[in-house]
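Taking it in order: structure first as C-alpha cells, then the write-up.
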Amino acid sequence: MNTLKICDVSVVYPGSEGGESVAALSNVNLAMEQGDLVVALGASGCGKTTLLNLIAGFISPTKGYLTLGNSTVKGYPRVVCGQDIGDEITGPDAGRGVVFQKHALLPWLNVIENTALGLKLQGMDKIARRQRAAEYLKLVGLEDFHQHKIYQLSGGMQQRVGIARALANDPKMLLLDEPLGALDALTRESLQELLLDVWRETNKMMFFITHSVDEALLLATRLVVMSPRPGRITHQFDLDFNKQFLDCRDARKVKSSPEFIAMRDQVLAIIHGDELAIA
Ligand SMILES: Nc1ncnc2c1ncn2[C@@H]1O[C@H](COP(=O)(O)OP(=O)(O)OP(=O)(O)O)[C@@H](O)[C@H]1O
C-alpha cells in the first residue's frame, strides 16, 4: 500500500553570505495513506512549501526522515534508530507529481506535447505516450484542445494541463502548491470540483497547500494547521465536507451548513491567534 510517513522532521536553511540561518520546520510528524487528501494551511512563511519540497525530494531535512512506501526519500540514512527503513529514493521522481501555482508549462509545445513531456523523458514511445496523455486530458476536460499552444489557453485551462501532466506519470501521490491561487473565483471553484473528481476517480494520495480556509475545508479529508516559523503542525482535523460536496455538487449548500461555519470559525481563530502572537 502507498503510505507516506514524515518522522520528526526539521529544516534549517543556512544563512546566505554570513546571514542568520532560518529554522523553517521543527519536529514535524505526519502520516498519509492512499486516498488521503491532506491540506496544509497556515500563515505566510510557516513552512508549507518547505514541507512540500521535502515530500517531493527537492530538499533534504536537517533532522528526521521521510518514507514513501518501503523507500526513504532522498538522502536519508537507510537505518534509523537501529531499524532498517528501506531502499533510498534518490530525489524527485515520477512517483511524486507536482503542480505549482504557476503552471510551468513549456510555451513552445502544444497541449498534448506538454502533457506527455514526463513520459517522453522516461523514454516511452510516441504512440503510447500520446495515448496516455490523451486519457488524462479527457479526465480534465481538455480532449478538444490537444493541438492548442499554451498561450491560447485561459489560466484555468493551463492549470488543467499542469494537473493532467502530473497525473500522466501515474504518480503515487500528487503534490499541489497553491495550484488555484492565481485563478478568478469562478474558475477556482470549477477546478476545486475537478480536483475532487480526479481524487475520487484515481484514489491518489494528495498533499495540497492553500491560503484559503474555505478551499481547505471543502477539499480536505484531513486538514493540518501549521504554526508560524519554525513551522509545526499544531492541529489536525479529519473532515468529510468534500464527500458532502461530491454528493450534492452544491458548494454553497455545504459551506452554509452549521458544521462548516463552526469549523471555519475554529480554524480562523487558530490562524488569527497565531498571527497576533507574532505581530
Ligand atoms: N531556500 C531557502 N533559503 C533560505 N530560506 C528559505 C528558503 N526557502 C524558504 N525559506 C524561508 O523559510 C521559511 C518558510 O518558507 P516557505 O516558503 O516554506 O513558507 P510558506 O508557508 O510556504 O510561505 P507562503 O505561504 O508565503 O508561500 C520562510 O521564512 C522563507 O523565507
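Following the order of the C-alpha cells, chains are lettered A, B, ..., residues in each are numbered from 1, and ligands are numbered from 1.
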
Could you pull out the residues in range 4-137 of chain A that DSSP calls strand (DSSP E) from the backbone, as a PDB file with C-alpha atoms, in the first residue's frame?
ATOM      1  CA  LEU A   4       3.934   8.493   3.408  1.00  0.00           C
ATOM      2  CA  LYS A   5       5.463   8.956   6.836  1.00  0.00           C
ATOM      3  CA  ILE A   6       7.162  12.131   7.945  1.00  0.00           C
ATOM      4  CA  CYS A   7       9.047  11.409  11.156  1.00  0.00           C
ATOM      5  CA  ASP A   8      10.230  14.187  13.446  1.00  0.00           C
ATOM      6  CA  VAL A   9      11.464  16.340  10.578  1.00  0.00           C
ATOM      7  CA  SER A  10      13.136  19.724  10.991  1.00  0.00           C
ATOM      8  CA  VAL A  11      14.570  22.000   8.299  1.00  0.00           C
ATOM      9  CA  VAL A  12      17.060  24.803   8.891  1.00  0.00           C
ATOM     10  CA  TYR A  13      18.128  26.838   5.856  1.00  0.00           C
ATOM     11  CA  VAL A  22      16.276  30.185   9.093  1.00  0.00           C
ATOM     12  CA  ALA A  23      14.511  27.469  11.090  1.00  0.00           C
ATOM     13  CA  ALA A  24      11.664  26.705   8.659  1.00  0.00           C
ATOM     14  CA  LEU A  25      10.234  23.489  10.147  1.00  0.00           C
ATOM     15  CA  SER A  26      10.512  21.984  13.589  1.00  0.00           C
ATOM     16  CA  ASN A  27       9.724  18.389  14.576  1.00  0.00           C
ATOM     17  CA  VAL A  28       7.002  17.776  12.011  1.00  0.00           C
ATOM     18  CA  ASN A  29       5.210  14.411  12.077  1.00  0.00           C
ATOM     19  CA  LEU A  30       2.604  13.422   9.515  1.00  0.00           C
ATOM     20  CA  ALA A  31       1.309  10.156   8.085  1.00  0.00           C
ATOM     21  CA  MET A  32      -0.675   9.755   4.872  1.00  0.00           C
ATOM     22  CA  GLU A  33      -2.226   6.772   3.086  1.00  0.00           C
ATOM     23  CA  LEU A  37      -6.300  14.380   0.631  1.00  0.00           C
ATOM     24  CA  VAL A  38      -4.265  16.339   3.171  1.00  0.00           C
ATOM     25  CA  VAL A  39      -4.488  20.122   3.018  1.00  0.00           C
ATOM     26  CA  ALA A  40      -1.905  22.331   4.760  1.00  0.00           C
ATOM     27  CA  LEU A  41      -2.952  25.747   5.963  1.00  0.00           C
ATOM     28  CA  GLY A  42      -1.026  28.365   7.927  1.00  0.00           C
ATOM     29  CA  LYS A  63      16.837  16.268  11.138  1.00  0.00           C
ATOM     30  CA  GLY A  64      14.386  13.359  10.918  1.00  0.00           C
ATOM     31  CA  TYR A  65      13.379  11.353   7.838  1.00  0.00           C
ATOM     32  CA  LEU A  66      10.556  10.617   5.395  1.00  0.00           C
ATOM     33  CA  THR A  67       9.435   7.296   3.944  1.00  0.00           C
ATOM     34  CA  LEU A  68       7.223   6.650   0.927  1.00  0.00           C
ATOM     35  CA  SER A  71      11.562   3.690   0.464  1.00  0.00           C
ATOM     36  CA  THR A  72      13.216   6.557   2.262  1.00  0.00           C
ATOM     37  CA  VAL A  73      13.013   9.884   0.484  1.00  0.00           C
ATOM     38  CA  VAL A  79      18.943   2.602   9.109  1.00  0.00           C
ATOM     39  CA  VAL A  80      17.341   4.861  11.709  1.00  0.00           C
ATOM     40  CA  GLN A  83      15.608  -0.009  12.260  1.00  0.00           C
ATOM     41  CA  ASP A  84      16.024  -0.638   8.523  1.00  0.00           C
ATOM     42  CA  ASP A  87      15.653   1.485  -0.090  1.00  0.00           C
ATOM     43  CA  GLU A  88      16.503   5.069  -0.818  1.00  0.00           C
ATOM     44  CA  ILE A  89      14.796   7.144  -3.488  1.00  0.00           C
ATOM     45  CA  ARG A  96       5.513  12.196  -6.916  1.00  0.00           C
ATOM     46  CA  GLY A  97       3.739  14.561  -9.305  1.00  0.00           C
ATOM     47  CA  VAL A  98       3.978  18.266  -8.512  1.00  0.00           C
ATOM     48  CA  VAL A  99       1.603  21.042  -9.586  1.00  0.00           C
TER      49      VAL A  99
END

Query raised in the report: Running DSSP on the backbone, which parts of range 74-258 of chain A land in helix (DSSP H, G or I), as number ranges by chain?
Result: A: 111-115, 117-121, 126-139, 150-152, 155-168, 185-202, 213-219, 241-248, 251-255, 258

Query raised in the report: Taking only C-alpha atoms and all ligand atoms into account, which residues are within 8 Å of ligand 1, as a PyMOL selection string?
Result: chain A and resi 13-16+21-25+42-51+209-211+229-231

Query raised in the report: Out of A:Thr234, A:Asn169, A:Ser154, A:Thr221, which residue has the shortest atom-to-atom distance to Trp199 in chain A when counting only C-alpha atoms?
Result: A:Thr221

Query raised in the report: Which neighbours of Lys126 in chain A fall inside 10 Å, counting only C-alpha atoms, when residues of the same chain fewer than 6 positions from it are skipped, and could you give them as a PyMOL selection string?
Result: chain A and resi 113+116+119-120+132

**Report entry** Residue neighbourhood Leu191 in chain A, 10 Å, only C-alpha atoms, exclusion window fewer than 5 positions, as a ChimeraX atom specification
**Finding:** /A:140,156-157,159-160,179-180,183,185-186,196-197

Residues from last step as file, N, CA and C atoms, as a PDB file, in the first residue's frame:
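Listing of again.pdb after writing:
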ATOM      1  N   VAL A 140      -9.432  15.799 -17.468  1.00  0.00           N
ATOM      2  CA  VAL A 140      -9.526  17.200 -17.021  1.00  0.00           C
ATOM      3  C   VAL A 140     -10.342  18.064 -18.002  1.00  0.00           C
ATOM      4  N   GLY A 156      -7.106  28.931 -16.157  1.00  0.00           N
ATOM      5  CA  GLY A 156      -7.687  27.700 -15.600  1.00  0.00           C
ATOM      6  C   GLY A 156      -7.375  26.493 -16.466  1.00  0.00           C
ATOM      7  N   MET A 157      -7.417  26.706 -17.808  1.00  0.00           N
ATOM      8  CA  MET A 157      -7.108  25.588 -18.720  1.00  0.00           C
ATOM      9  C   MET A 157      -5.624  25.215 -18.605  1.00  0.00           C
ATOM     10  N   GLN A 159      -3.835  25.425 -15.950  1.00  0.00           N
ATOM     11  CA  GLN A 159      -3.662  24.629 -14.725  1.00  0.00           C
ATOM     12  C   GLN A 159      -4.180  23.202 -14.937  1.00  0.00           C
ATOM     13  N   ARG A 160      -5.243  23.054 -15.753  1.00  0.00           N
ATOM     14  CA  ARG A 160      -5.731  21.699 -16.058  1.00  0.00           C
ATOM     15  C   ARG A 160      -4.659  20.885 -16.778  1.00  0.00           C
ATOM     16  N   PRO A 179      -2.226  25.540  -6.164  1.00  0.00           N
ATOM     17  CA  PRO A 179      -2.416  25.442  -7.610  1.00  0.00           C
ATOM     18  C   PRO A 179      -3.528  26.344  -8.134  1.00  0.00           C
ATOM     19  N   LEU A 180      -4.433  26.783  -7.239  1.00  0.00           N
ATOM     20  CA  LEU A 180      -5.575  27.564  -7.711  1.00  0.00           C
ATOM     21  C   LEU A 180      -5.481  29.024  -7.274  1.00  0.00           C
ATOM     22  N   LEU A 183      -6.133  32.051  -9.754  1.00  0.00           N
ATOM     23  CA  LEU A 183      -7.309  31.991 -10.628  1.00  0.00           C
ATOM     24  C   LEU A 183      -8.459  32.847 -10.083  1.00  0.00           C
ATOM     25  N   ALA A 185     -12.409  33.682  -9.033  1.00  0.00           N
ATOM     26  CA  ALA A 185     -13.225  32.891  -8.095  1.00  0.00           C
ATOM     27  C   ALA A 185     -14.009  31.770  -8.786  1.00  0.00           C
ATOM     28  N   LEU A 186     -14.603  32.063  -9.944  1.00  0.00           N
ATOM     29  CA  LEU A 186     -15.438  31.043 -10.600  1.00  0.00           C
ATOM     30  C   LEU A 186     -14.599  29.894 -11.136  1.00  0.00           C
ATOM     31  N   LEU A 196     -11.477  17.336  -7.006  1.00  0.00           N
ATOM     32  CA  LEU A 196     -12.173  16.326  -6.200  1.00  0.00           C
ATOM     33  C   LEU A 196     -12.616  15.150  -7.074  1.00  0.00           C
ATOM     34  N   ASP A 197     -13.041  15.452  -8.309  1.00  0.00           N
ATOM     35  CA  ASP A 197     -13.409  14.356  -9.227  1.00  0.00           C
ATOM     36  C   ASP A 197     -12.190  13.484  -9.530  1.00  0.00           C
TER      37      ASP A 197
END

Query raised in the report: From the set A:Asn114, A:Gly35, A:Asp250, A:Gln101, which residue has the shortest atom-to-atom contact distance to Arg222 in chain A, counting only C-alpha atoms?
Result: A:Gly35

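With distances restricted to only C-alpha atoms, A:Thr115 is the closest residue to Ile163 in chain A from A:Asn70, A:Gln266, A:Thr187, A:Thr115.
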
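Closest approach to Leu54 in chain A from the set A:Gln122, A:Leu175, A:Leu117, A:Leu194 is made by A:Leu175, with distances taken over only C-alpha atoms.
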
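Note that CA of Met206 in chain A and CA of Asn2 in chain A are 11.5 Å apart.
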